[in-house]
>>> print(open('start17.txt').read())   # compact mmCIF, C-alpha atoms and all ligand atoms
# COMPACT_ATOMS: atom_id res chain seq x y z
CA MET A 1265 110.84 90.99 113.92
CA THR A 1266 111.50 93.66 111.31
CA ILE A 1267 114.99 93.45 109.80
CA LYS A 1268 116.55 96.82 109.06
CA VAL A 1269 118.60 96.87 105.87
CA GLY A 1270 120.92 99.75 105.05
CA ILE A 1271 121.90 100.56 101.47
CA ILE A 1272 124.95 102.64 100.59
CA GLY A 1273 123.77 104.81 97.70
CA GLY A 1274 120.41 106.43 97.02
CA GLY A 1275 120.00 106.01 93.26
CA GLN A 1276 117.52 103.99 91.23
CA LEU A 1277 118.97 100.62 92.28
CA ALA A 1278 118.39 101.48 95.94
CA ALA A 1279 114.93 102.81 95.04
CA MET A 1280 113.92 99.60 93.29
CA MET A 1281 115.26 97.59 96.22
CA ALA A 1282 113.21 99.71 98.65
CA ILE A 1283 110.12 99.14 96.48
CA ALA A 1284 110.82 95.38 96.50
CA SER A 1285 110.96 95.47 100.32
CA LYS A 1286 107.37 96.67 100.66
CA PRO A 1287 105.44 93.35 100.74
CA GLN A 1288 104.59 92.90 104.41
CA GLU A 1289 105.60 89.24 104.61
CA LEU A 1290 109.23 90.26 104.07
CA ASP A 1291 109.10 92.46 107.18
CA ILE A 1292 112.05 94.60 106.06
CA SER A 1293 112.63 98.28 106.60
CA ILE A 1294 115.08 100.17 104.39
CA ALA A 1295 117.51 102.94 105.29
CA VAL A 1296 119.63 104.58 102.60
CA GLN A 1297 122.83 106.57 102.62
CA ALA A 1298 121.92 109.11 99.96
CA GLN A 1299 123.88 112.03 98.60
CA GLY A 1300 120.88 114.38 98.51
CA LEU A 1301 117.20 114.56 99.34
CA ASP A 1302 116.32 114.42 95.65
CA ASP A 1303 117.98 111.02 95.16
CA PRO A 1304 115.53 108.43 93.70
CA ALA A 1305 115.54 106.15 96.79
CA VAL A 1306 114.64 108.89 99.27
CA THR A 1307 110.92 108.67 98.46
CA TRP A 1308 110.85 104.95 99.23
CA ALA A 1309 113.14 104.49 102.22
CA GLU A 1310 112.05 104.60 105.86
CA LYS A 1311 115.23 106.35 106.97
CA ILE A 1312 117.72 108.60 105.18
CA ILE A 1313 121.31 109.28 106.17
CA LEU A 1314 122.88 112.02 104.10
CA GLY A 1315 126.36 111.40 102.76
CA LYS A 1316 128.23 110.49 99.60
CA VAL A 1317 128.88 106.78 99.06
CA ASP A 1318 132.51 107.10 100.19
CA ASP A 1319 131.58 109.03 103.34
CA ALA A 1320 132.37 106.43 106.00
CA LYS A 1321 131.11 108.72 108.78
CA ALA A 1322 127.66 108.58 107.20
CA THR A 1323 128.00 104.79 106.94
CA ALA A 1324 128.92 104.67 110.64
CA GLU A 1325 125.66 106.50 111.35
CA LEU A 1326 123.76 104.12 109.06
CA ALA A 1327 125.33 101.17 110.89
CA GLN A 1328 123.92 102.44 114.21
CA TYR A 1329 120.46 102.14 112.79
CA VAL A 1330 120.45 98.91 110.71
CA ASP A 1331 121.13 95.18 111.12
CA VAL A 1332 123.01 94.75 107.86
CA ILE A 1333 124.42 96.98 105.12
CA THR A 1334 124.51 96.31 101.38
CA PHE A 1335 125.55 98.40 98.37
CA GLU A 1336 123.93 99.95 95.34
CA ASN A 1337 127.23 101.58 94.48
CA GLU A 1338 130.71 100.18 95.06
CA PHE A 1339 132.70 103.43 94.96
CA VAL A 1340 133.22 103.19 98.70
CA ASP A 1341 136.25 103.76 100.90
CA LEU A 1342 137.06 100.16 101.86
CA GLU A 1343 139.75 100.99 104.40
CA LYS A 1344 137.39 103.18 106.39
CA LEU A 1345 134.56 100.65 106.13
CA GLN A 1346 136.95 97.98 107.47
CA VAL A 1347 137.11 99.89 110.76
CA LEU A 1348 133.31 99.56 111.01
CA ALA A 1349 133.43 95.88 110.03
CA ASP A 1350 136.06 95.26 112.74
CA ALA A 1351 133.69 96.87 115.22
CA GLY A 1352 130.92 94.46 114.23
CA THR A 1353 129.05 96.05 111.29
CA LYS A 1354 127.77 93.36 108.93
CA PHE A 1355 128.30 94.06 105.21
CA ILE A 1356 126.84 91.86 102.44
CA PRO A 1357 128.74 91.33 100.18
CA SER A 1358 131.68 91.26 102.59
CA LEU A 1359 134.49 93.78 102.26
CA GLN A 1360 136.85 90.87 101.45
CA THR A 1361 134.68 90.03 98.45
CA LEU A 1362 134.62 93.65 97.28
CA GLU A 1363 138.36 94.16 97.72
CA PRO A 1364 139.60 92.85 94.33
CA LEU A 1365 136.57 94.20 92.45
CA LEU A 1366 136.57 97.95 93.02
CA ASP A 1367 139.48 98.74 90.72
CA LYS A 1368 139.19 97.58 87.10
CA TYR A 1369 142.88 96.63 86.97
CA THR A 1370 142.88 94.55 90.14
CA GLN A 1371 139.57 93.00 89.06
CA ARG A 1372 141.05 91.94 85.68
CA SER A 1373 144.21 90.66 87.41
CA TYR A 1374 142.15 88.68 89.92
CA LEU A 1375 140.11 87.05 87.14
CA GLN A 1376 143.21 86.23 85.11
CA GLU A 1377 144.91 84.65 88.14
CA HIS A 1378 141.85 82.45 88.59
CA GLY A 1379 141.87 81.25 84.99
CA ILE A 1380 138.83 83.28 83.88
CA PRO A 1381 139.14 84.56 80.28
CA VAL A 1382 139.54 88.36 80.06
CA PRO A 1383 140.70 90.70 77.28
CA LYS A 1384 144.48 91.43 77.22
CA PHE A 1385 145.21 94.41 79.46
CA SER A 1386 148.02 96.50 80.89
CA ALA A 1387 148.29 99.23 83.54
CA ILE A 1388 148.87 102.91 82.78
CA THR A 1389 150.38 104.55 85.83
CA THR A 1390 152.77 107.15 84.42
CA ALA A 1391 153.09 109.01 81.10
CA ALA A 1392 155.98 106.69 80.18
CA ASP A 1393 153.57 103.71 80.15
CA LEU A 1394 151.69 105.29 77.24
CA SER A 1395 154.49 104.59 74.78
CA THR A 1396 155.56 101.21 76.19
CA GLN A 1397 152.15 99.61 76.71
CA PRO A 1398 151.88 96.34 74.74
CA ILE A 1399 148.30 96.48 73.35
CA SER A 1400 147.86 97.27 69.66
CA PHE A 1401 145.48 99.98 68.41
CA PRO A 1402 142.56 100.47 68.41
CA LEU A 1403 142.40 99.83 72.15
CA VAL A 1404 140.22 100.76 75.09
CA LEU A 1405 141.47 103.11 77.82
CA LYS A 1406 139.69 102.86 81.17
CA ALA A 1407 140.04 104.71 84.45
CA ARG A 1408 140.78 102.09 87.12
CA ARG A 1409 138.21 103.43 89.55
CA ASN A 1410 134.81 105.07 89.65
CA GLY A 1411 133.84 104.49 86.00
CA TYR A 1412 130.18 103.86 85.22
CA ASP A 1413 127.90 104.05 82.19
CA GLY A 1414 130.96 104.29 79.98
CA GLN A 1415 132.28 107.40 81.73
CA GLY A 1416 135.98 106.79 82.10
CA THR A 1417 136.02 104.37 79.11
CA ARG A 1418 137.43 105.62 75.77
CA ILE A 1419 138.23 103.85 72.51
CA VAL A 1420 141.46 105.23 71.02
CA ASN A 1421 143.15 104.64 67.68
CA SER A 1422 146.72 105.88 68.10
CA GLU A 1423 149.35 106.74 70.68
CA ALA A 1424 148.58 110.46 70.21
CA GLU A 1425 144.88 109.82 70.90
CA LEU A 1426 145.78 107.67 73.89
CA ARG A 1427 147.90 110.46 75.32
CA ASP A 1428 145.13 113.04 74.78
CA ALA A 1429 142.49 110.75 76.27
CA TRP A 1430 144.59 109.97 79.35
CA HIS A 1431 145.36 113.67 79.86
CA SER A 1432 141.68 114.58 79.55
CA MET A 1433 140.90 111.93 82.19
CA GLY A 1434 143.19 113.87 84.53
CA LYS A 1435 146.09 111.36 84.26
CA VAL A 1436 144.35 109.07 86.73
CA PRO A 1437 145.57 105.49 87.24
CA ALA A 1438 144.17 103.64 84.22
CA LEU A 1439 144.43 100.50 82.14
CA VAL A 1440 144.47 99.82 78.44
CA GLU A 1441 142.94 96.71 76.99
CA GLU A 1442 142.46 95.10 73.61
CA LYS A 1443 139.34 96.26 71.81
CA VAL A 1444 137.36 93.06 71.60
CA ASP A 1445 135.67 92.48 68.25
CA PHE A 1446 132.54 91.01 69.81
CA VAL A 1447 129.41 89.81 68.01
CA VAL A 1448 127.28 90.59 71.05
CA GLU A 1449 127.69 91.51 74.71
CA LEU A 1450 126.10 89.21 77.28
CA ALA A 1451 125.36 89.49 80.97
CA VAL A 1452 124.14 87.31 83.77
CA MET A 1453 122.88 88.01 87.27
CA ILE A 1454 124.05 85.47 89.82
CA ALA A 1455 122.79 85.17 93.39
CA ARG A 1456 124.69 83.40 96.17
CA SER A 1457 123.41 83.06 99.72
CA SER A 1458 125.40 82.80 102.94
CA THR A 1459 124.84 79.03 102.90
CA GLY A 1460 126.50 78.84 99.47
CA GLU A 1461 123.22 78.27 97.60
CA CYS A 1462 123.76 79.68 94.13
CA LEU A 1463 121.33 80.50 91.29
CA THR A 1464 122.09 82.05 87.91
CA TYR A 1465 119.43 84.03 86.09
CA PRO A 1466 119.14 83.56 82.32
CA VAL A 1467 121.98 84.89 80.19
CA VAL A 1468 120.85 88.10 78.49
CA GLU A 1469 122.04 90.19 75.55
CA THR A 1470 123.06 93.75 76.38
CA HIS A 1471 123.28 96.39 73.67
CA GLN A 1472 125.39 99.49 74.10
CA LEU A 1473 125.66 102.76 72.19
CA ASN A 1474 128.67 104.94 72.98
CA GLN A 1475 129.51 102.61 75.88
CA VAL A 1476 126.07 103.07 77.49
CA CYS A 1477 123.50 100.27 77.69
CA THR A 1478 120.46 101.03 75.54
CA HIS A 1479 118.54 97.77 75.85
CA VAL A 1480 118.64 94.20 77.12
CA ILE A 1481 117.01 91.11 75.63
CA ALA A 1482 116.24 88.13 77.86
CA PRO A 1483 117.10 85.36 77.29
CA ALA A 1484 119.97 85.98 74.88
CA ARG A 1485 119.62 84.58 71.36
CA ILE A 1486 122.60 82.25 71.74
CA ASN A 1487 123.03 78.49 71.78
CA GLN A 1488 122.87 76.50 74.98
CA ALA A 1489 126.60 75.72 75.03
CA ILE A 1490 127.47 79.44 75.14
CA ALA A 1491 124.83 80.16 77.77
CA THR A 1492 126.21 77.33 79.90
CA GLN A 1493 129.76 78.66 79.44
CA ALA A 1494 128.71 82.12 80.69
CA GLN A 1495 126.81 80.66 83.65
CA GLU A 1496 129.71 78.37 84.60
CA ILE A 1497 132.12 81.33 84.54
CA ALA A 1498 129.74 83.29 86.79
CA LYS A 1499 129.59 80.37 89.24
CA ALA A 1500 133.37 80.01 89.26
CA ILE A 1501 133.75 83.74 90.01
CA VAL A 1502 131.36 83.89 92.96
CA THR A 1503 132.64 80.62 94.37
CA ASN A 1504 136.29 81.78 94.19
CA LEU A 1505 135.35 85.05 95.86
CA ASP A 1506 133.25 83.20 98.45
CA ALA A 1507 130.82 85.94 97.52
CA VAL A 1508 127.45 86.45 99.19
CA GLY A 1509 124.99 88.75 97.45
CA ILE A 1510 123.90 89.37 93.90
CA PHE A 1511 126.40 90.04 91.12
CA GLY A 1512 126.06 91.30 87.56
CA ILE A 1513 128.66 89.77 85.25
CA GLU A 1514 129.20 91.26 81.79
CA TYR A 1515 130.79 89.35 78.91
CA PHE A 1516 131.96 89.69 75.33
CA LEU A 1517 131.04 86.91 72.89
CA THR A 1518 133.27 86.68 69.81
CA ALA A 1519 132.49 85.04 66.45
CA ASP A 1520 134.53 81.93 67.36
CA GLY A 1521 132.11 81.23 70.25
CA LYS A 1522 134.52 82.41 72.99
CA VAL A 1523 133.20 84.19 76.05
CA SER A 1524 135.41 86.60 78.05
CA VAL A 1525 134.51 88.68 81.08
CA ASN A 1526 134.28 92.45 80.76
CA GLU A 1527 133.22 93.36 84.27
CA ILE A 1528 131.75 92.21 87.58
CA ALA A 1529 129.33 94.50 89.41
CA PRO A 1530 129.01 93.39 93.05
CA ARG A 1531 125.34 94.44 93.28
CA THR A 1532 122.11 94.63 91.37
CA HIS A 1533 122.66 95.75 87.79
CA ASN A 1534 120.95 97.43 84.85
CA SER A 1535 121.12 94.17 82.88
CA GLY A 1536 118.89 92.60 85.57
CA HIS A 1537 116.06 95.16 85.55
CA TYR A 1538 113.97 92.88 83.32
CA THR A 1539 113.71 90.47 86.30
CA ILE A 1540 111.17 92.76 88.04
CA GLU A 1541 108.39 91.70 85.68
CA ALA A 1542 109.94 88.81 83.78
CA CYS A 1543 111.14 86.56 86.64
CA HIS A 1544 109.36 85.10 89.63
CA THR A 1545 111.92 86.74 91.93
CA SER A 1546 113.44 90.06 90.87
CA GLN A 1547 117.12 90.81 91.41
CA PHE A 1548 116.08 93.36 94.07
CA GLU A 1549 113.95 90.95 96.08
CA GLN A 1550 116.68 88.31 95.70
CA LEU A 1551 119.30 90.58 97.28
CA LEU A 1552 116.87 91.37 100.12
CA ARG A 1553 116.31 87.64 100.65
CA ILE A 1554 120.07 87.09 100.82
CA VAL A 1555 120.83 89.91 103.26
CA THR A 1556 118.00 88.76 105.52
CA TYR A 1557 119.16 85.09 105.47
CA ASN A 1558 116.12 83.78 103.61
CA SER A 1559 116.43 80.99 101.04
CA LEU A 1560 116.79 82.11 97.43
CA GLY A 1561 113.63 82.78 95.42
CA ASP A 1562 112.62 81.16 92.12
CA ILE A 1563 114.56 82.78 89.26
CA SER A 1564 112.61 81.25 86.38
CA MET A 1565 110.99 83.54 83.82
CA ARG A 1566 107.26 84.33 83.79
CA SER A 1567 107.26 84.98 80.04
CA PRO A 1568 109.27 83.37 77.24
CA VAL A 1569 111.00 86.63 76.26
CA ALA A 1570 111.48 90.09 77.75
CA VAL A 1571 113.02 93.29 76.48
CA MET A 1572 114.18 96.14 78.69
CA VAL A 1573 114.83 99.54 77.14
CA ASN A 1574 116.62 102.28 79.09
CA LEU A 1575 115.08 105.74 78.99
CA LEU A 1576 118.27 107.75 78.58
CA GLY A 1577 118.32 111.55 78.76
CA TYR A 1578 118.71 113.16 75.32
CA GLU A 1579 118.53 116.84 76.28
CA ASN A 1580 119.47 119.05 79.20
CA VAL A 1581 116.10 120.11 80.62
CA GLU A 1582 113.98 119.94 83.74
CA SER A 1583 111.08 117.65 82.82
CA GLU A 1584 109.20 114.63 84.11
CA TYR A 1585 108.05 113.62 80.60
CA VAL A 1586 104.57 112.82 81.93
CA ASP A 1587 102.80 112.63 78.54
CA ILE A 1588 105.49 110.46 77.03
CA ARG A 1589 105.36 108.09 79.98
CA HIS A 1590 101.60 107.75 79.57
CA GLN A 1591 102.06 106.86 75.91
CA LEU A 1592 104.61 104.20 76.82
CA GLU A 1593 102.30 102.76 79.47
CA LYS A 1594 99.68 102.11 76.78
CA LEU A 1595 101.92 99.66 74.90
CA PRO A 1596 100.87 96.01 75.39
CA ASN A 1597 102.51 94.09 78.29
CA CYS A 1598 104.65 97.11 79.03
CA SER A 1599 105.79 98.37 82.45
CA VAL A 1600 107.32 101.80 82.80
CA HIS A 1601 109.73 102.60 85.63
CA TRP A 1602 110.51 106.25 86.24
CA TYR A 1603 113.33 107.04 88.64
CA GLY A 1604 112.02 110.45 89.73
CA LYS A 1605 115.04 112.44 88.58
CA ASN A 1606 113.49 115.64 87.35
CA ILE A 1607 116.63 116.93 85.75
CA SER A 1608 117.48 115.31 82.44
CA ARG A 1609 121.04 115.30 81.16
CA ILE A 1610 122.29 113.67 77.98
CA GLY A 1611 122.93 109.97 78.62
CA ARG A 1612 121.51 110.04 82.16
CA LYS A 1613 119.42 106.99 83.09
CA LEU A 1614 115.98 108.47 83.82
CA GLY A 1615 113.91 105.31 83.75
CA HIS A 1616 113.37 102.06 81.90
CA VAL A 1617 110.62 100.10 80.19
CA THR A 1618 110.13 96.33 80.20
CA VAL A 1619 107.93 94.50 77.72
CA LEU A 1620 107.03 90.83 78.16
CA MET A 1621 106.74 88.91 74.90
CA GLU A 1622 105.76 85.46 73.65
CA ASN A 1623 108.72 85.21 71.24
CA TYR A 1624 111.47 87.25 69.56
CA GLU A 1625 109.43 88.02 66.45
CA ASN A 1626 108.55 91.66 67.10
CA ILE A 1627 111.46 92.53 69.30
CA GLU A 1628 113.26 95.02 67.03
CA GLN A 1629 109.92 96.67 66.19
CA THR A 1630 109.07 96.97 69.89
CA ILE A 1631 112.42 98.61 70.67
CA SER A 1632 111.97 101.06 67.77
CA THR A 1633 108.43 101.92 68.91
CA ILE A 1634 109.62 102.64 72.46
CA ASN A 1635 112.52 104.76 71.24
CA ALA A 1636 110.28 106.69 68.84
CA ILE A 1637 107.85 107.54 71.66
CA TRP A 1638 110.63 108.37 74.11
CA GLN A 1639 112.63 110.52 71.78
CA PRO A 1640 110.13 111.96 69.29
P1 LIG B 1701 131.50 100.98 82.67
O1 LIG B 1701 132.07 100.31 83.86
O2 LIG B 1701 131.63 102.46 82.66
O3 LIG B 1701 130.11 100.49 82.31
P2 LIG B 1701 132.68 99.15 80.80
O4 LIG B 1701 134.07 98.73 81.01
O5 LIG B 1701 131.63 98.16 81.17
O6 LIG B 1701 132.43 100.56 81.45
O7 LIG B 1701 132.49 99.50 79.27
C1 LIG B 1701 131.29 100.03 78.75
C2 LIG B 1701 131.12 99.52 77.33
O8 LIG B 1701 132.26 99.87 76.52
C3 LIG B 1701 131.02 98.00 77.21
O9 LIG B 1701 129.73 97.55 77.47
C4 LIG B 1701 131.43 97.81 75.76
O10 LIG B 1701 130.37 98.12 74.87
C5 LIG B 1701 132.53 98.84 75.59
N1 LIG B 1701 133.83 98.21 75.93
C6 LIG B 1701 134.45 98.19 77.14
N2 LIG B 1701 135.59 97.50 77.11
C7 LIG B 1701 135.73 97.05 75.84
C8 LIG B 1701 136.71 96.26 75.17
N3 LIG B 1701 137.81 95.82 75.78
N4 LIG B 1701 136.50 95.98 73.86
C9 LIG B 1701 135.42 96.45 73.20
N5 LIG B 1701 134.47 97.20 73.78
C10 LIG B 1701 134.60 97.50 75.08
>>> encode(input="start17.txt", output="structure tokens", more="lines below")
Ligand code: ADP
Amino acid sequence: MTIKVGIIGGGQLAAMMAIASKPQELDISIAVQAQGLDDPAVTWAEKIILGKVDDAKATAELAQYVDVITFENEFVDLEKLQVLADAGTKFIPSLQTLEPLLDKYTQRSYLQEHGIPVPKFSAITTAADLSTQPISFPLVLKARRNGYDGQGTRIVNSEAELRDAWHSMGKVPALVEEKVDFVVELAVMIARSSTGECLTYPVVETHQLNQVCTHVIAPARINQAIATQAQEIAKAIVTNLDAVGIFGIEYFLTADGKVSVNEIAPRTHNSGHYTIEACHTSQFEQLLRIVTYNSLGDISMRSPVAVMVNLLGYENVESEYVDIRHQLEKLPNCSVHWYGKNISRIGRKLGHVTVLMENYENIEQTISTINAIWQP
């Protein structure tokens, strides 16, 4: 019997999940709660409910139609969703799992309480906290909620800058944290099923420019002990949370070999896009398997190395970049994913490219070639 899966959010993550649902043997039909009819997932879903992600009335409508609801975006209104859960709506991950994760301050506090290494941090609630906060400069100011792609994250060098930055954020509840002097940022996707079966994908390197991910290299060029450390931390987190679903965990690695957690995303994640071509089971199929109570799929890689490059908007225009995409498609072992957003804005994620490789030899050259074609 067809299982109907609802996704809160209609962006590219929901779109790629809807695409992953298409093989007939899965027998899954997808409904999305999308903000507008031009959202990327609308083309691929069988049913659309219009509403912003925090519109619980739209979610109530979605719940009428589906067997289970999952998330591509966690900026939801948990209290209102709890009313639906109490009335029998099934959410994966559960609302209890999401509860400590949606606010960056409570997430950091939760991790610290459970002995997981995190950067030093402190809450900014009122203007008075700006002069008494204990972190030395430079530091990182973050809005507690609704930050993504580095929006709501600012590096500041002095108390005056901190004050300006917090004011320009609209004086929202925030946190400050030590600016970690990392050698590289890492990430791992971890899948956990309702039976507690748990698989961690390879640890990857993520590279950011101005707080936005530009590219990901899988597996990360790190030693086994560090990879194991990151994977063990991921396992400890999902086990503590009794979490069911797929989770993207981001880390900082410092020169002394220490790994600390930057963030947990309770859903599929940009750092896992490489899994579509590079792993036997993509992160999107894996989440579908979990929400439909199937056993987990094989996470091993199909190629020794993969690189994923984000196609980020670099101008404010209306364009589908058709010629450029064709040029990218001609590169060897290259897959181009276009999210169908026809309005480009600076920094907006418009698509991504994954290249499968035999080794790391030509990796920097490959990234430069892709960037030169994308942004001539
Ligand atoms: P978002 O949730 O918007 O993606 P993040 O908190 O993940 O924001 O931060 C985005 C990027 O900003 C990180 O990938 C990293 O490059 C940088 N960053 C965030 N926090 C710190 C920190 N404490 N120290 C150094 N760099 C940081």
>>> closest_atom_pairs(input="start17.txt", of="chain A", to="ligand LIG 1701 (chain B)", cutoff="6 Å", atoms="only C-alpha atoms and all ligand atoms", output="tab-separated table")
residue	atom	partner	partner_atom	distance
A:Val1404	CA	B:LIG1701	N3	5.5
A:Gly1411	CA	B:LIG1701	O2	4.5
A:Tyr1412	CA	B:LIG1701	O2	3.3
A:Asp1413	CA	B:LIG1701	O2	4.1
A:Gly1414	CA	B:LIG1701	O2	3.3
A:Gln1415	CA	B:LIG1701	O2	5.1
A:Thr1417	CA	B:LIG1701	O6	5.7
A:Glu1441	CA	B:LIG1701	N3	5.3
A:Glu1442	CA	B:LIG1701	N3	5.2
A:Lys1443	CA	B:LIG1701	N4	3.5
A:Val1444	CA	B:LIG1701	N4	3.8
A:Gln1472	CA	B:LIG1701	O10	5.2
A:Gln1475	CA	B:LIG1701	C2	3.8
A:Glu1527	CA	B:LIG1701	O5	5.9
>>> residues_around(input="start17.txt", residues="Lys1522 of chain A", least_positions_apart="4", cutoff="10 Å", atoms="all atoms listed in the file", output="ChimeraX atom specification")
/A:1381,1446,1490,1493-1494,1515-1518
>>> residues_around(input="start17.txt", residues="segment 1455-1464 of chain A", least_positions_apart="3", cutoff="9 Å", atoms="only C-alpha atoms", output="ChimeraX atom specification")
/A:1452,1467,1495,1498-1499,1502-1503,1506-1511,1547,1550-1551,1553-1555,1557-1560,1562-1563
>>> closest_residue(input="start17.txt", among="A:Asp1587, A:Glu1338, A:Glu1593, A:Glu1377", to="Thr1361 of chain A", atoms="all atoms listed in the file")
A:Glu1338
>>> residues_around(input="start17.txt", residues="segment 1364-1372 of chain A", least_positions_apart="6", cutoff="8 Å", atoms="all atoms listed in the file", output="list in words")
Glu1338, Phe1339, Val1382, Phe1385, Ser1386, Ala1387, Lys1406, Ala1407, Arg1408, Arg1409, Asn1410, Ala1438, Leu1439, Glu1527, Ile1528, Ala1529 and Pro1530 of chain A
>>> write_last_selection(input="start17.txt", atoms="C-alpha atoms", output="compact mmCIF listing (two decimals), keeping the file's coordinate frame")
# COMPACT_ATOMS: atom_id res chain seq x y z
CA GLU A 1338 130.71 100.18 95.06
CA PHE A 1339 132.70 103.43 94.96
CA VAL A 1382 139.54 88.36 80.06
CA PHE A 1385 145.21 94.41 79.46
CA SER A 1386 148.02 96.50 80.89
CA ALA A 1387 148.29 99.23 83.54
CA LYS A 1406 139.69 102.86 81.17
CA ALA A 1407 140.04 104.71 84.45
CA ARG A 1408 140.78 102.09 87.12
CA ARG A 1409 138.21 103.43 89.55
CA ASN A 1410 134.81 105.07 89.65
CA ALA A 1438 144.17 103.64 84.22
CA LEU A 1439 144.43 100.50 82.14
CA GLU A 1527 133.22 93.36 84.27
CA ILE A 1528 131.75 92.21 87.58
CA ALA A 1529 129.33 94.50 89.41
CA PRO A 1530 129.01 93.39 93.05
>>> closest_residue(input="start17.txt", among="A:Gln1328, A:Asn1504, A:Ser1373, A:Ser1432", to="Thr1353 of chain A", atoms="all atoms listed in the file")
A:Gln1328
>>> closest_residue(input="start17.txt", among="A:Ile1292, A:Val1269, A:Leu1277, A:Leu1450", to="Ala1491 of chain A", atoms="only C-alpha atoms")
A:Leu1450
>>> axis_aligned_box(input="start17.txt", around="segment 1429-1444 of chain A", padding_each_side="6 Å", output="AutoDock Vina command-line options")
--center_x 141.7 --center_y 103.8 --center_z 79.4 --size_x 20.7 --size_y 33.5 --size_z 27.6
>>> atom_distance(input="start17.txt", atom1="atom CA of Phe1355 of chain A", atom2="atom CA of His1378 of chain A")
24.4 Å
>>> atom_distance(input="start17.txt", atom1="atom CA of Thr1334 of chain A", atom2="atom CA of Ser1564 of chain A")
24.4 Å
>>> closest_residue(input="start17.txt", among="A:Pro1383, A:Pro1640, A:Gly1611, A:Pro1398", to="Val1525 of chain A", atoms="all atoms listed in the file")
A:Pro1383
>>> residues_around(input="start17.txt", residues="Gln1276 of chain A", least_positions_apart="6", cutoff="7 Å", atoms="all atoms listed in the file", output="number ranges by chain")
A: 1304-1305, 1603
>>> residues_around(input="start17.txt", residues="Ile1380 of chain A", least_positions_apart="5", cutoff="8 Å", atoms="only C-alpha atoms", output="list in words")
Leu1375, Ile1497, Ile1501, Ser1524 and Val1525 of chain A
>>> write_last_selection(input="start17.txt", atoms="C-alpha atoms", output="PDB file, keeping the file's coordinate frame")
ATOM      1  CA  LEU A1375     140.110  87.050  87.140  1.00  0.00           C
ATOM      2  CA  ILE A1497     132.120  81.330  84.540  1.00  0.00           C
ATOM      3  CA  ILE A1501     133.750  83.740  90.010  1.00  0.00           C
ATOM      4  CA  SER A1524     135.410  86.600  78.050  1.00  0.00           C
ATOM      5  CA  VAL A1525     134.510  88.680  81.080  1.00  0.00           C
TER       6      VAL A1525
END
>>> closest_residue(input="start17.txt", among="A:Arg1612, A:Thr1545, A:Asn1597, A:Tyr1578", to="Cys1477 of chain A", atoms="all atoms listed in the file")
A:Arg1612
>>> closest_residue(input="start17.txt", among="A:Ala1351, A:Ala1279, A:Ile1272, A:Ile1588", to="Val1317 of chain A", atoms="only C-alpha atoms")
A:Ile1272
